[in-house]
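Enquirer: Got a structure for you, query.cif, holding mmCIF, C-alpha atoms and all ligand atoms.
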data_data
loop_
_atom_site.label_atom_id
_atom_site.label_comp_id
_atom_site.auth_asym_id
_atom_site.auth_seq_id
_atom_site.Cartn_x
_atom_site.Cartn_y
_atom_site.Cartn_z
CA MET A 42 87.77 47.90 92.05
CA PRO A 43 91.01 49.25 90.44
CA THR A 44 92.08 52.76 91.38
CA LEU A 45 93.59 55.37 89.10
CA LEU A 46 95.57 58.09 90.86
CA LYS A 47 95.77 61.72 89.74
CA VAL A 48 99.23 62.95 90.73
CA HIS A 49 101.77 65.65 90.03
CA GLY A 50 105.41 66.59 90.39
CA SER A 51 105.79 70.39 90.22
CA GLN A 52 102.26 70.47 88.75
CA ASN A 53 103.36 68.25 85.84
CA GLN A 54 100.09 66.27 85.98
CA PHE A 55 99.61 62.55 85.38
CA PHE A 56 97.31 59.65 85.99
CA ILE A 57 98.95 56.51 87.43
CA LEU A 58 97.53 53.19 86.27
CA ASP A 59 98.83 50.01 87.95
CA GLN A 60 98.44 47.22 85.40
CA THR A 61 99.40 44.59 87.99
CA ARG A 62 96.10 45.29 89.78
CA LEU A 63 93.98 44.44 86.73
CA ALA A 64 92.57 41.00 85.91
CA GLN A 65 93.40 41.75 82.25
CA PRO A 66 96.12 44.38 81.59
CA LEU A 67 95.28 47.03 78.97
CA THR A 68 96.80 46.45 75.53
CA ASP A 69 98.99 49.17 74.00
CA PRO A 70 96.21 50.46 71.70
CA GLU A 71 93.88 50.57 74.74
CA LEU A 72 96.51 52.49 76.74
CA ARG A 73 96.98 54.99 73.91
CA GLN A 74 93.26 55.59 73.54
CA LEU A 75 92.66 55.88 77.29
CA THR A 76 95.54 58.35 77.60
CA GLN A 77 94.41 60.55 74.72
CA ARG A 78 90.87 60.72 76.14
CA ILE A 79 91.46 61.22 79.87
CA THR A 80 94.31 63.72 79.47
CA ASP A 81 92.39 66.09 77.21
CA PRO A 82 92.40 69.50 78.96
CA LYS A 83 88.79 70.26 77.87
CA THR A 84 86.98 66.93 77.85
CA GLY A 85 89.31 64.73 79.97
CA LEU A 86 89.01 63.57 83.57
CA LEU A 87 89.59 66.15 86.33
CA GLY A 88 90.85 68.77 83.85
CA GLY A 89 93.12 66.33 81.96
CA ALA A 90 96.86 65.79 82.43
CA ASP A 91 100.20 65.64 80.60
CA GLY A 92 100.19 61.86 80.34
CA VAL A 93 99.59 58.46 81.91
CA LEU A 94 102.25 56.62 83.93
CA VAL A 95 101.78 52.90 83.60
CA VAL A 96 103.10 50.77 86.47
CA ASP A 97 103.84 47.18 85.57
CA LYS A 98 105.97 44.22 86.69
CA SER A 99 109.73 44.76 86.62
CA PHE A 100 111.62 43.11 83.75
CA ARG A 101 115.21 43.47 85.01
CA GLU A 102 116.78 41.59 87.91
CA GLY A 103 116.67 43.52 91.19
CA SER A 104 113.99 46.08 90.27
CA GLN A 105 110.74 46.60 92.12
CA ALA A 106 108.50 47.77 89.27
CA GLN A 107 108.40 49.11 85.74
CA MET A 108 107.25 52.58 84.64
CA ARG A 109 106.03 53.37 81.13
CA VAL A 110 105.30 56.95 80.08
CA ILE A 111 102.45 57.64 77.67
CA ASN A 112 102.34 61.28 76.56
CA ALA A 113 99.00 63.08 76.17
CA ASP A 114 99.08 62.54 72.39
CA GLY A 115 99.47 58.75 72.86
CA SER A 116 103.20 58.60 71.99
CA GLU A 117 105.51 56.75 74.40
CA ALA A 118 108.55 58.43 76.02
CA ALA A 119 111.66 56.71 77.35
CA MET A 120 111.58 58.60 80.64
CA CYS A 121 109.75 61.08 82.82
CA GLY A 122 111.50 62.62 85.83
CA ASN A 123 108.56 64.27 87.60
CA GLY A 124 106.47 61.19 86.88
CA LEU A 125 109.08 58.81 88.27
CA ARG A 126 108.94 60.58 91.65
CA THR A 127 105.19 59.96 91.85
CA VAL A 128 105.54 56.34 90.70
CA ALA A 129 108.29 55.88 93.31
CA ARG A 130 105.92 57.11 96.01
CA TYR A 131 103.13 54.84 94.74
CA VAL A 132 105.34 51.71 94.65
CA ALA A 133 106.94 52.62 98.02
CA GLY A 134 103.46 52.70 99.60
CA ARG A 135 102.25 49.58 97.82
CA ASP A 136 105.31 47.45 98.64
CA HIS A 137 106.42 49.09 101.92
CA ARG A 138 109.91 50.00 100.71
CA ASP A 139 111.74 53.35 100.83
CA GLN A 140 114.55 52.71 98.36
CA PHE A 141 114.55 50.55 95.23
CA LYS A 142 114.93 50.55 91.43
CA VAL A 143 112.32 51.14 88.76
CA ASP A 144 112.73 49.80 85.23
CA THR A 145 112.30 52.19 82.32
CA ILE A 146 112.86 51.41 78.63
CA ASP A 147 116.61 52.18 78.74
CA ALA A 148 117.65 51.77 82.36
CA SER A 149 116.76 50.65 85.87
CA LEU A 150 116.75 53.85 87.92
CA ARG A 151 117.35 54.31 91.64
CA VAL A 152 114.61 56.04 93.63
CA ARG A 153 114.62 57.02 97.29
CA LYS A 154 112.18 58.54 99.77
CA GLN A 155 113.20 61.98 101.10
CA ASP A 156 112.04 64.10 104.00
CA ASP A 157 108.76 65.87 103.21
CA LEU A 158 109.28 69.31 101.61
CA ALA A 159 106.61 70.72 103.97
CA ALA A 160 103.62 69.35 105.90
CA VAL A 161 101.76 66.92 103.59
CA VAL A 162 104.21 67.51 100.71
CA PRO A 163 105.98 64.14 100.31
CA ALA A 164 109.21 64.09 98.31
CA PHE A 165 111.31 61.54 96.43
CA ALA A 166 114.75 61.61 94.80
CA VAL A 167 115.16 59.83 91.47
CA GLU A 168 118.09 59.03 89.22
CA ILE A 169 118.12 60.57 85.74
CA SER A 170 120.35 58.61 83.36
CA PRO A 171 121.82 57.54 80.96
CA VAL A 172 123.06 60.84 79.50
CA ARG A 173 124.10 61.13 75.85
CA PHE A 174 125.13 64.07 73.64
CA ASN A 175 125.66 62.35 70.29
CA ARG A 176 123.47 63.14 67.28
CA GLU A 177 122.15 59.57 66.99
CA ALA A 178 120.95 59.49 70.60
CA LEU A 179 118.63 62.50 70.24
CA PRO A 180 118.36 62.04 67.22
CA PHE A 181 118.95 65.22 65.18
CA ASP A 182 120.10 65.91 61.65
CA ASN A 183 120.92 68.63 59.12
CA LEU A 184 122.42 71.07 61.64
CA GLY A 185 126.04 70.63 60.56
CA TYR A 186 127.28 69.26 63.92
CA ASP A 187 127.54 65.88 65.68
CA ARG A 188 126.66 67.42 69.01
CA LEU A 189 125.29 70.75 70.19
CA LEU A 190 126.77 72.29 73.33
CA ASP A 191 126.06 76.01 73.48
CA THR A 192 126.25 75.93 69.69
CA PRO A 193 124.69 78.55 67.41
CA ALA A 194 122.11 76.82 65.19
CA PRO A 195 120.53 79.57 63.05
CA GLU A 196 118.30 76.95 61.39
CA LEU A 197 116.53 76.58 64.76
CA TRP A 198 116.58 80.24 65.83
CA PRO A 199 119.05 82.88 64.61
CA GLN A 200 119.84 84.66 67.89
CA LEU A 201 120.09 81.65 70.22
CA ARG A 202 122.68 78.99 71.12
CA PHE A 203 121.56 75.43 71.79
CA SER A 204 122.61 72.30 73.69
CA ALA A 205 121.11 68.90 72.85
CA ILE A 206 121.13 66.28 75.62
CA ALA A 207 119.35 62.91 75.82
CA VAL A 208 118.60 61.75 79.40
CA PRO A 209 117.63 59.49 77.59
CA ASN A 210 114.53 61.30 76.27
CA PRO A 211 115.63 64.14 74.00
CA HIS A 212 116.07 67.72 75.21
CA LEU A 213 117.08 70.92 73.47
CA ILE A 214 118.23 73.66 75.84
CA SER A 215 118.89 77.36 75.43
CA PHE A 216 119.98 79.83 78.10
CA VAL A 217 117.99 83.02 77.53
CA ASP A 218 117.41 86.44 79.06
CA ARG A 219 114.20 87.50 80.83
CA PRO A 220 112.36 88.92 77.76
CA ALA A 221 113.02 85.78 75.68
CA LEU A 222 111.46 83.67 78.45
CA GLN A 223 108.31 85.72 78.29
CA ASP A 224 107.64 85.95 74.56
CA ASP A 225 106.44 83.17 72.25
CA VAL A 226 109.82 82.02 70.84
CA LEU A 227 109.76 78.83 72.93
CA GLY A 228 106.29 77.97 71.61
CA VAL A 229 107.29 78.68 68.02
CA ILE A 230 110.42 76.47 68.25
CA GLY A 231 108.60 73.76 70.23
CA ARG A 232 105.69 73.50 67.79
CA ARG A 233 108.00 73.50 64.77
CA LEU A 234 110.38 70.80 66.06
CA ASN A 235 107.48 68.60 67.17
CA GLY A 236 105.79 68.65 63.80
CA GLU A 237 107.16 67.50 60.44
CA ASN A 238 110.69 69.04 60.35
CA PRO A 239 114.15 68.23 58.91
CA TYR A 240 116.04 68.46 62.24
CA PHE A 241 114.46 66.38 65.01
CA SER A 242 112.70 63.46 63.32
CA ASP A 243 111.34 62.06 66.63
CA GLY A 244 110.48 65.51 68.04
CA VAL A 245 112.24 67.03 71.04
CA ASN A 246 111.43 68.62 74.41
CA VAL A 247 112.51 72.28 74.25
CA ASN A 248 113.71 74.05 77.42
CA PHE A 249 114.41 77.76 77.93
CA ALA A 250 116.55 78.40 81.01
CA HIS A 251 117.25 81.66 82.79
CA ILE A 252 120.06 81.87 85.34
CA LEU A 253 118.76 83.44 88.55
CA GLY A 254 122.04 83.36 90.49
CA GLN A 255 124.57 81.01 92.04
CA ASN A 256 123.11 77.45 91.83
CA GLN A 257 119.70 78.81 90.80
CA LEU A 258 117.81 78.42 87.56
CA PHE A 259 114.36 78.97 86.13
CA VAL A 260 113.31 76.49 83.42
CA ARG A 261 110.27 76.59 81.14
CA THR A 262 109.55 73.63 78.85
CA TYR A 263 107.59 72.91 75.69
CA GLU A 264 107.13 69.14 75.89
CA ARG A 265 107.09 66.68 73.05
CA GLY A 266 103.69 64.96 72.88
CA VAL A 267 102.16 67.51 75.26
CA GLY A 268 102.90 71.22 74.58
CA PHE A 269 103.60 73.78 77.30
CA THR A 270 103.83 72.09 80.70
CA ASN A 271 104.16 73.44 84.24
CA ALA A 272 107.46 71.57 84.63
CA CYS A 273 109.50 68.82 83.05
CA GLY A 274 111.75 66.80 85.37
CA THR A 275 114.07 65.40 82.74
CA GLY A 276 114.19 68.87 81.15
CA MET A 277 115.26 70.50 84.43
CA SER A 278 117.83 67.72 84.94
CA ALA A 279 119.34 68.03 81.45
CA THR A 280 119.37 71.82 81.85
CA SER A 281 121.15 71.52 85.21
CA LEU A 282 123.87 69.45 83.51
CA ALA A 283 124.22 72.11 80.80
CA PHE A 284 124.37 74.77 83.57
CA VAL A 285 127.29 73.01 85.29
CA LEU A 286 129.15 72.39 82.02
CA LEU A 287 128.63 75.85 80.49
CA HIS A 288 128.66 78.09 83.58
CA PRO A 289 131.19 76.52 86.00
CA ASP A 290 131.49 79.85 87.81
CA GLN A 291 127.80 79.60 88.82
CA ALA A 292 127.17 75.87 89.37
CA SER A 293 129.29 72.81 90.18
CA PHE A 294 129.14 69.04 90.21
CA ASP A 295 127.81 67.40 93.41
CA GLN A 296 126.26 70.69 94.62
CA PRO A 297 122.49 71.19 94.90
CA ILE A 298 120.89 73.45 92.30
CA ASP A 299 117.47 75.00 92.92
CA VAL A 300 115.41 74.82 89.76
CA PHE A 301 112.29 76.98 89.74
CA ASN A 302 109.57 76.28 87.20
CA PRO A 303 106.02 77.52 86.52
CA GLY A 304 104.67 74.75 88.81
CA GLY A 305 107.01 75.15 91.78
CA LYS A 306 110.59 74.15 92.48
CA VAL A 307 112.81 71.07 92.45
CA ARG A 308 116.40 70.46 93.45
CA THR A 309 118.95 68.77 91.19
CA ILE A 310 122.47 67.48 91.85
CA VAL A 311 124.69 66.77 88.84
CA HIS A 312 127.24 63.94 89.18
CA TYR A 313 130.11 62.64 87.07
CA GLN A 314 131.08 59.11 88.09
CA ASP A 315 132.91 56.35 86.20
CA GLN A 316 133.05 58.64 83.15
CA GLU A 317 129.27 58.98 83.01
CA TYR A 318 127.04 61.90 83.93
CA TRP A 319 123.90 61.35 85.97
CA ILE A 320 121.54 63.69 87.75
CA GLU A 321 119.62 63.39 90.98
CA LEU A 322 116.18 65.00 90.79
CA ILE A 323 114.49 65.76 94.11
CA GLY A 324 110.99 67.16 94.47
CA ASN A 325 107.39 66.67 95.48
CA ALA A 326 105.34 63.60 94.69
CA THR A 327 101.78 64.74 95.26
CA PHE A 328 98.62 62.60 94.98
CA THR A 329 95.59 64.83 94.41
CA HIS A 330 92.78 62.30 93.70
CA ARG A 331 92.00 58.60 94.03
CA ILE A 332 89.66 57.41 91.29
CA ALA A 333 87.91 54.06 91.79
CA VAL A 334 86.77 52.75 88.43
CA ASP A 335 85.47 49.50 87.06
CA GLU A 336 88.07 47.60 85.00
CA ALA A 337 85.62 47.27 82.07
CA VAL A 338 85.46 51.08 81.84
CA LEU A 339 89.27 51.27 81.54
CA HIS A 340 89.17 48.77 78.68
CA GLN A 341 86.55 50.89 76.88
CA GLY A 342 89.23 53.59 76.55
CA ASN A 343 87.64 56.46 78.42
CA VAL A 344 86.77 57.37 82.01
CA GLN A 345 84.30 60.14 82.75
CA ALA A 346 83.68 61.52 86.23
CA ALA A 347 80.20 59.93 86.16
CA ASP A 348 81.76 56.44 85.71
CA CYS A 349 83.84 56.46 88.89
CA GLN A 350 84.14 57.41 92.54
CA ILE A 351 86.57 60.28 92.99
CA THR A 352 88.13 61.10 96.35
CA GLU A 353 90.17 64.26 96.82
CA THR A 354 93.20 63.65 99.03
CA GLY A 355 93.58 67.24 100.31
CA GLU A 356 97.28 67.22 99.34
CA GLN A 357 96.88 69.97 96.72
CA LYS A 358 96.09 72.56 99.41
CA ALA A 359 99.34 71.67 101.19
CA TYR A 360 101.28 71.81 97.92
CA GLN A 361 99.82 75.24 97.13
CA ALA A 362 100.92 76.48 100.58
CA PHE A 363 104.44 75.21 99.78
CA VAL A 364 104.44 77.08 96.44
CA ASP A 365 103.06 80.25 98.05
CA GLN A 366 106.14 80.59 100.26
CA LEU A 367 108.56 80.39 97.29
CA PRO A 368 110.01 83.70 96.07
CA THR A 369 107.86 85.48 93.48
CA LEU A 370 109.94 85.59 90.31
CA GLY A 371 107.44 87.20 87.92
CA LEU A 372 108.97 85.30 85.00
CA VAL A 373 105.96 83.54 83.50
CA ASP A 374 102.25 84.40 84.00
N1 LIG B 1 107.36 65.54 81.86
C1 LIG B 1 108.34 64.55 81.78
C2 LIG B 1 108.82 64.14 80.43
C3 LIG B 1 107.72 63.37 79.70
C4 LIG B 1 108.17 62.81 78.39
C5 LIG B 1 108.36 63.84 77.32
N2 LIG B 1 107.13 64.49 76.95
C6 LIG B 1 108.99 63.16 76.10
O1 LIG B 1 108.29 62.84 75.12
O2 LIG B 1 110.21 62.95 76.12
C7 LIG B 1 109.44 64.74 82.82
O3 LIG B 1 109.11 65.21 83.92
O4 LIG B 1 110.57 64.37 82.59
#
Taking this structure as input, can you express it in the form of C-alpha cells?
Ligand SMILES: N[C@@H](CCC[C@H](N)C(=O)O)C(=O)O

Expert:
Amino acid sequence: MPTLLKVHGSQNQFFILDQTRLAQPLTDPELRQLTQRITDPKTGLLGGADGVLVVDKSFREGSQAQMRVINADGSEAAMCGNGLRTVARYVAGRDHRDQFKVDTIDASLRVRKQDDLAAVVPAFAVEISPVRFNREALPFDNLGYDRLLDTPAPELWPQLRFSAIAVPNPHLISFVDRPALQDDVLGVIGRRLNGENPYFSDGVNVNFAHILGQNQLFVRTYERGVGFTNACGTGMSATSLAFVLLHPDQASFDQPIDVFNPGGKVRTIVHYQDQEYWIELIGNATFTHRIAVDEAVLHQGNVQAADCQITETGEQKAYQAFVDQLPTLGLVD
C-alpha cells in the first residue's frame, strides 16, 4: 500500500507523495485536487499543510529524483527550500545515499545529510539557486525600476523599502523594525500582491525581516498560494542574501547566518562563486506521520483519516524540545 508522509521543515508543513511507488501516477488535475483537499486547515488530513511535495523520477543526467511543489491552493511553485530538505531525507532513506542532486523545474540542486540538530531531529543542507534580480525573472511591473534592492516603492507600501529576488521562486523582502513585524502590514501587502494586482502578475512571497544582531535574523513570510506560514526556506535564503548585500557590517559571504522564524530556526550560508550567488539552507527535516493509503483513494482526490492507517513517528516531540531551547524572541505570537 502506498504511504504518504506528513513532514515539516521549521514547521512549514507538507505531505510527501512518491509517484514512483504508484502503479498509476496521479495526473496533474488529480494532484491539484488532492492537494487542495488534504491541505485544508479545517477539513484536510491531520490539520492540513502548506502544500504537497511530489517525488518523481529524475529528468536530468546525474540526479537521484525530482521534486515538484504544489501549493495549498493547487498552484505549482518552482522551488521550496524547507520542502527540499524533507524530500532529501526521504530519498536518502529510500535509496541509501547521503549526498545527491534533486531535479526541480529550473535546476538540479545539491542536497547533503548533516549531523542531527538534536536527538531525533535529523537535518539536511540544500542548495538554493539560481538567483536572479531582474524584473522579468520575478516578474514585476509598473514600479518604475528594473530591479529592486532596498528600493522605496510607495506603490507597495509608502514607508518601506523593498528588494525583489527570485531563487528562482519570487520573493519580496523588506527589513523592518519590531512593531512592523507585529502588525498586519505583511498580511495586507501579501494578500494584495497575491490577488489581482498591477505589480506582481504571478504573485509573490512576501518576507519581513528583522535584524537581531551580527549574523542573526528573524524572518516572517506571507507565502504565495498559501498565506501566512511558520517558515519559508527560499524566503529565508533570499532574505539572507539581501542581508549580506545590504548590511555588510552585520553579515558576510561564506559565514553562517542564524535565521529564526515562527516555526524554529535554520542556518544559511550565502556564497558568490563563478559570478553567481547561491545559498546553502540547513535545517531540520522532520517526519511526523506515515499514512498508509490505498492508491484508488489517492486517485479519488481526497484522503480522510478514516480511509487510511496513520502512524505517528514521535519525531514532533523531539522537534518541540529543540524549539523549546531556542531563545525566546517574543516577536510573533
Ligand atoms: N515554503 C516554501 C516555498 C513554497 C513555494 C511558494 N509558496 C511559492 O509559490 O513560491 C519554501 O520553504 O521555500

Enquirer: With the cut-off set at 7 Å and counting all atoms listed in the file, tabulate each residue of chain A with an atom at most that distance from an atom of ligand LIG 1 (chain B), showing the nearest atom pair and its distance in Å to one decimal, ordered by chain and increasing number, as JSON lines.

Expert:
{"residue": "A:Asn53", "atom": "CA", "partner": "B:LIG1", "partner_atom": "N1", "distance": 6.3}
{"residue": "A:Val110", "atom": "CA", "partner": "B:LIG1", "partner_atom": "C4", "distance": 6.7}
{"residue": "A:Asn112", "atom": "CA", "partner": "B:LIG1", "partner_atom": "N2", "distance": 5.8}
{"residue": "A:Glu117", "atom": "CA", "partner": "B:LIG1", "partner_atom": "O1", "distance": 6.7}
{"residue": "A:Ala118", "atom": "CA", "partner": "B:LIG1", "partner_atom": "O1", "distance": 4.5}
{"residue": "A:Ala119", "atom": "CA", "partner": "B:LIG1", "partner_atom": "O2", "distance": 6.5}
{"residue": "A:Met120", "atom": "CA", "partner": "B:LIG1", "partner_atom": "C4", "distance": 5.9}
{"residue": "A:Cys121", "atom": "CA", "partner": "B:LIG1", "partner_atom": "O4", "distance": 3.4}
{"residue": "A:Gly122", "atom": "CA", "partner": "B:LIG1", "partner_atom": "O4", "distance": 3.8}
{"residue": "A:Asn123", "atom": "CA", "partner": "B:LIG1", "partner_atom": "O3", "distance": 3.8}
{"residue": "A:Gly124", "atom": "CA", "partner": "B:LIG1", "partner_atom": "O3", "distance": 5.6}
{"residue": "A:Asn210", "atom": "CA", "partner": "B:LIG1", "partner_atom": "O2", "distance": 4.6}
{"residue": "A:Pro211", "atom": "CA", "partner": "B:LIG1", "partner_atom": "O2", "distance": 5.9}
{"residue": "A:Val245", "atom": "CA", "partner": "B:LIG1", "partner_atom": "O2", "distance": 6.8}
{"residue": "A:Asn246", "atom": "CA", "partner": "B:LIG1", "partner_atom": "O2", "distance": 6.0}
{"residue": "A:Glu264", "atom": "CA", "partner": "B:LIG1", "partner_atom": "N2", "distance": 4.8}
{"residue": "A:Arg265", "atom": "CA", "partner": "B:LIG1", "partner_atom": "N2", "distance": 4.5}
{"residue": "A:Gly266", "atom": "CA", "partner": "B:LIG1", "partner_atom": "N2", "distance": 5.3}
{"residue": "A:Val267", "atom": "CA", "partner": "B:LIG1", "partner_atom": "N2", "distance": 6.1}
{"residue": "A:Ala272", "atom": "CA", "partner": "B:LIG1", "partner_atom": "O3", "distance": 6.6}
{"residue": "A:Cys273", "atom": "CA", "partner": "B:LIG1", "partner_atom": "O3", "distance": 3.7}
{"residue": "A:Gly274", "atom": "CA", "partner": "B:LIG1", "partner_atom": "O3", "distance": 3.4}
{"residue": "A:Thr275", "atom": "CA", "partner": "B:LIG1", "partner_atom": "O4", "distance": 3.7}
{"residue": "A:Gly276", "atom": "CA", "partner": "B:LIG1", "partner_atom": "O4", "distance": 6.0}

Enquirer: I need the residues from that last selection saved to file as a PDB file, in the frame of the given file (with C-alpha atoms), if you can.

Expert:
ATOM      1  CA  ASN A  53     103.360  68.250  85.840  1.00  0.00           C
ATOM      2  CA  VAL A 110     105.300  56.950  80.080  1.00  0.00           C
ATOM      3  CA  ASN A 112     102.340  61.280  76.560  1.00  0.00           C
ATOM      4  CA  GLU A 117     105.510  56.750  74.400  1.00  0.00           C
ATOM      5  CA  ALA A 118     108.550  58.430  76.020  1.00  0.00           C
ATOM      6  CA  ALA A 119     111.660  56.710  77.350  1.00  0.00           C
ATOM      7  CA  MET A 120     111.580  58.600  80.640  1.00  0.00           C
ATOM      8  CA  CYS A 121     109.750  61.080  82.820  1.00  0.00           C
ATOM      9  CA  GLY A 122     111.500  62.620  85.830  1.00  0.00           C
ATOM     10  CA  ASN A 123     108.560  64.270  87.600  1.00  0.00           C
ATOM     11  CA  GLY A 124     106.470  61.190  86.880  1.00  0.00           C
ATOM     12  CA  ASN A 210     114.530  61.300  76.270  1.00  0.00           C
ATOM     13  CA  PRO A 211     115.630  64.140  74.000  1.00  0.00           C
ATOM     14  CA  VAL A 245     112.240  67.030  71.040  1.00  0.00           C
ATOM     15  CA  ASN A 246     111.430  68.620  74.410  1.00  0.00           C
ATOM     16  CA  GLU A 264     107.130  69.140  75.890  1.00  0.00           C
ATOM     17  CA  ARG A 265     107.090  66.680  73.050  1.00  0.00           C
ATOM     18  CA  GLY A 266     103.690  64.960  72.880  1.00  0.00           C
ATOM     19  CA  VAL A 267     102.160  67.510  75.260  1.00  0.00           C
ATOM     20  CA  ALA A 272     107.460  71.570  84.630  1.00  0.00           C
ATOM     21  CA  CYS A 273     109.500  68.820  83.050  1.00  0.00           C
ATOM     22  CA  GLY A 274     111.750  66.800  85.370  1.00  0.00           C
ATOM     23  CA  THR A 275     114.070  65.400  82.740  1.00  0.00           C
ATOM     24  CA  GLY A 276     114.190  68.870  81.150  1.00  0.00           C
TER      25      GLY A 276
END

Enquirer: List as a PyMOL selection string the protein and nucleic acid residues near Gln255 of chain A, meaning an atom at most 10 Å away when all atoms listed in the file are counted, but skip any in the same chain fewer than 3 places from it.

Expert: chain A and resi 252+258+288+290-293+298-299

Enquirer: With distances taken over all atoms listed in the file, which residue among A:Leu322, A:Tyr186, A:Gln350, A:Arg78 lies nearest Val152 of chain A?

Expert: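 Counting all atoms listed in the file, the residue closest to Val152 of chain A is A:Leu322.
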
Enquirer: Which residue gives the smallest distance to Met277 of chain A among A:Ser215, A:Ser242, A:Thr329, A:Gln345, with all atoms listed in the file counted?

Expert: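 Of the candidates, the smallest distance to Met277 of chain A is held by A:Ser215.
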
Enquirer: Considering all atoms listed in the file, can you say which of A:Asp139, A:Glu317, A:Asp182, A:Asp348 comes closest to Phe165 of chain A?

Expert: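 Answer, going by the shortest atom-to-atom distance: A:Asp139.
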
Enquirer: Need to verify the contact set: Thr145 of chain A, 12 Å, all atoms listed in the file, exclusion of same-chain residues closer than 2 positions in sequence. Can you return it as number ranges by chain?

Expert: A: 94-101, 104-110, 117-122, 124-125, 128, 142-143, 147-151, 168-171, 208-210

Enquirer: Which residue gives the smallest distance to Asp295 of chain A among A:Asp315, A:Glu321, A:Asp156, A:Glu356, with all atoms listed in the file counted?

Expert: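 Looking at the shortest contact to Asp295 of chain A, the residue is A:Glu321.
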
Enquirer: Of the candidates A:Leu372, A:Leu282, A:Leu87, A:Ile79, which shows the shortest atom-to-atom distance to Ala113 of chain A, using all atoms listed in the file?

Expert: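 Closest residue, counting all atoms listed in the file: A:Ile79.
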
Enquirer: Could you check which of A:Ala164, A:Ala279, A:Ile310, A:Ala250 is closest to Gly50 of chain A, using only C-alpha atoms?

Expert: A:Ala164

Enquirer: Please indicate the distance in Å from atom CA of Phe284 of chain A to atom CA of His212 of chain A, rounded to one decimal place.

Expert: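 Computed distance, atom CA of Phe284 of chain A to atom CA of His212 of chain A, equals 13.7 Å.
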
Enquirer: Extract, using all atoms listed in the file, all DNA, RNA and protein residues at most 7 Å from segment 196-207 of chain A, discarding same-chain residues fewer than 5 positions from it, and format them as a PyMOL selection string.

Expert: chain A and resi 172-174+178-179+188-191+212-215+279

Enquirer: Work out how far atom CA of Gly268 of chain A is from atom CA of Leu45 of chain A, in Å to one decimal.

Expert: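 That distance, rounded to one decimal, is 23.4 Å.
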
Enquirer: Have a look at atom CA of Thr127 of chain A and atom CA of Tyr360 of chain A and let me know their distance in Å, one decimal.

Expert: 13.9 Å

Enquirer: Taking 2 positions as the minimum chain separation for residues in the same chain, which residues sit within 10 Å of Asp218 of chain A when counting all atoms listed in the file? Answer as a VMD selection string.

Expert: chain A and resid 215 to 216 220 to 223 249 to 252
